[in-house]
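Here is the structure we will look at.
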Amino acid sequence: MVPQSGAPGPIVVPTPTACQVRCAGCRGILNVPAGITEFACPNCKLQQMLPPELRHQQQQQQGIAQGIDPSKIQLPCAHCKSLLNVPHGLDRFVCPQCKVELAVDLTKLHNYLTTLSNGGFTTTAYISGQPEEVNEVVVDVEREEDEGGTIGETFTDYRPSKLSIGPPHPDPVVETSSLSAVQPPEPTYELKIAEEMEKSSALSSLQLETIIYASQRHSQHLPDNKRAGFFMGDGAGVGKGRTIAGLIWENWQHGRRKAVWLSVSSDLKFDARRDLDDVGATCVEVHALNKLPYSKLDSKSVGIMEGVIFLTYSSLIASSEKGRSRLQQLVKWCGPENDGLLVFDECHKAKNLVPESGGQATRTGEAVLEIQVQLPEARVVYCSATGASEPRNMGYMVRLGLWGPGTCFPQFQSFLEALEKRGVGALELVAMDMKARGMYVCRTLSFKGAEFEVVEVPLEADMMEMYKNAARLWAELRVELLKATASLSDERPNSSQLWRLYWASHQRFFRHMCMSAKVPAVVRLAKQALLEDKCVVIGLQSTGEARTEEAVTKYGAELDDFVSGPRELLLKLVEDNYPLPQQPVQMPEEGVKESGRKRHVAPTGISFKGRIRKAARCKAPSDVETDGEYETESEPESTDSDEEYQICEICMIEDTTKTVLQCSSCGKSIHAACLVPPEMDLVEGDWSCPMCKKQTEEYIKSRHAYIADLWKRYEAAKERKNQILETIRALDLPNNPLDDIIDQIGGPDRVAEMTGRRGMLVRASSGKGVVYQARNTKDVSMEMVNMHEKQLFMDGKKLVAVISEAGSAGVSLQADRRAKNQKRRVHITLELPWSADRAIQQFGRTHRSNQACAPEYRLLFTNLGGERRFASIVAKRLESLGALTQGDRRAGPSLSAYNYDSVYGKRALHMMYKAIIEQSDQPVLPPNCLVGEREKIQEFHSLARAALISVGIIRDAIPEGTGKDTWKLSGRILENDMNDVGRFLNRILGLAPDIQNRLFEYFISILDILVQDARKEGDFDSGIVDIKANLIKLQGSPKTVHVDAMSGASTTLFTLMIDRGITFEAASGLLDQNAKIVVNQTDDGFYESKREWLGRKHFLLAIECPRLLPRTFKIFRPASGEALREMNLVELRSKYKRVSSVEKVHDFWQEEFQISAEQCMHGPKCKAGASCTIGKRIQEFNILGGLILPVWGIVEKSLSKQLTRMVLMFLRHGKVTGDYGLYA
């Protein structure tokens, strides 16, 4: 490598010298290149420095060597002699040590590598050995094997595997592939209502299967003698409500006449009544607890002796004014020995029993746990499609027996730590484990026919300008608040509370802006759907009711236009929280005099009576005999005159108080005649002596000046506050999205609204202005307004429905075959819910059983990077434990591209912050920057720093540099903020779109590299690993290592040998078969690599995937068969060239097929040795199948002693499926 200067001429690359040191960690001998004093051992990764005696031999460098990267070529810099890891194909770059631009002379590269291999300096940190060559063929294979993927269908059709009673379900039901690999235990329970259900067909086969397994599970007890519980995890719309009704009816037949049914909304009581009637349980009464008094339920006055008590989770934690609680009321009604049903419908409401660090358990979670403790014999059913979107949310499911006595986990915390340590693969395994033990079912409606589409909505020009102005205003407001807070000095308010309110309002404001930006797209999509004879459901989370009601209270019920939620939110923040000095109070004149009197008061003169009494003690003996009546001052029998005397401070003559003036400030007495000039008349009231009068006047003057200054400061701050308020009022901001959408689509007469708000703004009949009106009417109460609106939609009287979170639990809006409106639903998500729990609830409103057609889903996002904060949260939930949402994390909507709040996301954010504040080199080039554009890179970092300062991530900003560089800023980022991806995505929402998107692009570029490196190192947690092999052989006999006492399910150890390869004959057969099916596939065929690897070319078969753009190909290799990763045409042509002669391929293909049976892709000198499986055709796996949780502790101890990781595997071999478990 040479410094770049025009066209590179012939050069001689110097061979660097090195010194050898012993690693302080693993004690291996390391060769340290010239110019490096700090380095990391490539074996043990220990960061260390050269000893002082060797350091002077090396040139001190600022950078820290990161060790040898075997996937790159090691070349020395021609300027500073530092050894650099250079990616293959990169011929021009900048040395990260000395910043000199370099160019690689390819003509000299081969000679240089030859010199190294013949005894020159070795490019790795080992004592000897030729550098391991790496090229794109190896990289491709590594990516194909490490990235993982899905082979075949993610879902499989579901039918009860061990039962044959009942009619089929009215709609196709599926189960994820991973759960379908698990067989439930043998059913032994005899169903009493089986014959009745067979005749009525009220329950389908899979609903009857659930009732049988739940009843079978309820007949068992856990080791702590509490009755075992059951988890019904069916997806939204499968029919959980009717299944619960059937379970209640089955228990009723056994004489268990008391049941408690908890759900999320009191409206669902009507659905419970309907479901019980449908299964024939018309005699079972349903009592709404919120309509009953707090007295004993089975008393004469209330009279509920049996039936179903229906209540919400809010009612469970309610109590009366006298302290009576609903929970204790239920416990007394049931009785401690009651063995009736206790159903937790939509049980995810109790998920925060075990909060994250720093949080507190919710009252709902604690109450759900408490009622289970007080009713140990109750037959508990947990029912939710999203019961455990992450393992922490399972804390209240104590009746499943996954932790506690008789398990590997003594308490829930140890269970939680074990699952979080092993990642998503362990979470999916829990679902399989529960199904195998007969305590869990999880089916979902087939999504065949349903369409998912993520629609990115770019900001329109006026919205873009509006957004920029809003971002600028928030940045200026932050500066104003900082100044106002700093100027208050001792009067400073609670600063932390102010900033909490500021950032909370900041987040809501820009989230509202993002919603408003999507309104035109929502209206356009809705009107298009209506034109296509479809109906529309629009989902959002917040309605903006609070801002609307505040505006109506402030301005009246008749307004010129719809309320702007962002404007009202911003106005409220400033009006209520702008730091003002305390309003000064003008002291009245009397108050000033009183103040002066208090400041100057002094002891009064001694009265004559007192002097006489004191003098009496020392008076000489007299011939007048005395009885000693003046011996004490306090003698009660004193006969002195009441008239007192004072001493004049000027003439010192005593006189009565009637003839002297007494100062009201200092209390001194002065004759009027002794004054200069003398007072001619005695002054009545307050009087001040000349000295006090002078001091009082000065005090009054200074006091008035001080108060005037306070008023000036107060008025200036108030004026500034008013200016800010006027600026906000003048700012062009969007209206409330909900009102805007309803108005643009046709108003309340055409749109059914199912939300939690009480009133709304509607267009006035005159067409001018809007009027606030209640949602309910004389004929419809507020309690029933949502049910009324739903019925109008289902009857086809309104073809557009808007639902919020309040209307998204239990409401059925599908194209029901029993409803008049059977048009296809187009479900548009204007606002993505905060969590997967709410997202799945919302998706399930329009995709349910007995529907005439499946819905279309449109998930809307703007092109703002920051808005993906909300998508990130949902994606994290959907991906982390899809096993307990739909059994397999791969089964949800494809939102994984938006999951940035992960371990790798936190690491990427940390690296990005370090680069921006220039505490480390940038890991990737910033957006729109090229190699060598140093000034452009510095400019981006300066803009990024300024942006992060404006949103409060960089703190204590100070100017740096001199002259033209004085505009540069630096500061610090708190350690907590360095890894807080949520805060980053939330805060950058308040930046102008351009810098916001550039920052976000910078972040995900770093993230992509980290994930790619993790895959390469084998550290990336892929959850379920699909293994497809052409041959699977069982080595020896399976060994049963554990049998579950309750369910009879076992844990079995298998040793399997698999052959992944594909012979040349089989590959040719695939190519010929595809040619018969698809014509004009000119690019299908065999390809050879353009570069050699280990002295030979490598071959693959490429077959194009139909109907994909850009054109994409399935890849088949001799050693690994069908690759999990597909390759697009551009990449294929850049690395490989098509071979026209099939005979030429035969020998090379077979040679690689034979070699790969015993060695990996890296060849015989692979550093990983025999443990490396990259490109190895024949592999051996030790697999634990069946139940894993009971032997988890043993597995953990075994894995901790080896360099082995736990992976959840799913084997596929022709028609042979069904083994799953852990492999080592």
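Here's how to read the names in the structure tokens: chain A, B, ... by the order shown, residue numbers from 1 in each chain, ligand numbers from 1 in the order shown.
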
Enumerate the residues of region 997-1095 of chain A with a DSSP assignment of alpha helix (DSSP H), computed from the backbone, and present them as a count of residues only. 35

For CA of Gly932 (chain A) and CA of Arg972 (chain A), quote the distance in Å rounded to one decimal. 27.4 Å

Name all residues at most 10 Å from Ser263 (chain A) (count only C-alpha atoms; drop same-chain ones fewer than 6 positions away) and give them as a PyMOL selection string. chain A and resi 269+272+310-315+343-347+349+383+809-810

Choose the residue, out of A:Trp403, A:Ile653, A:Leu481, A:Pro748, that has the smallest atom-to-atom separation from Ile724 (chain A); count only C-alpha atoms. A:Leu481
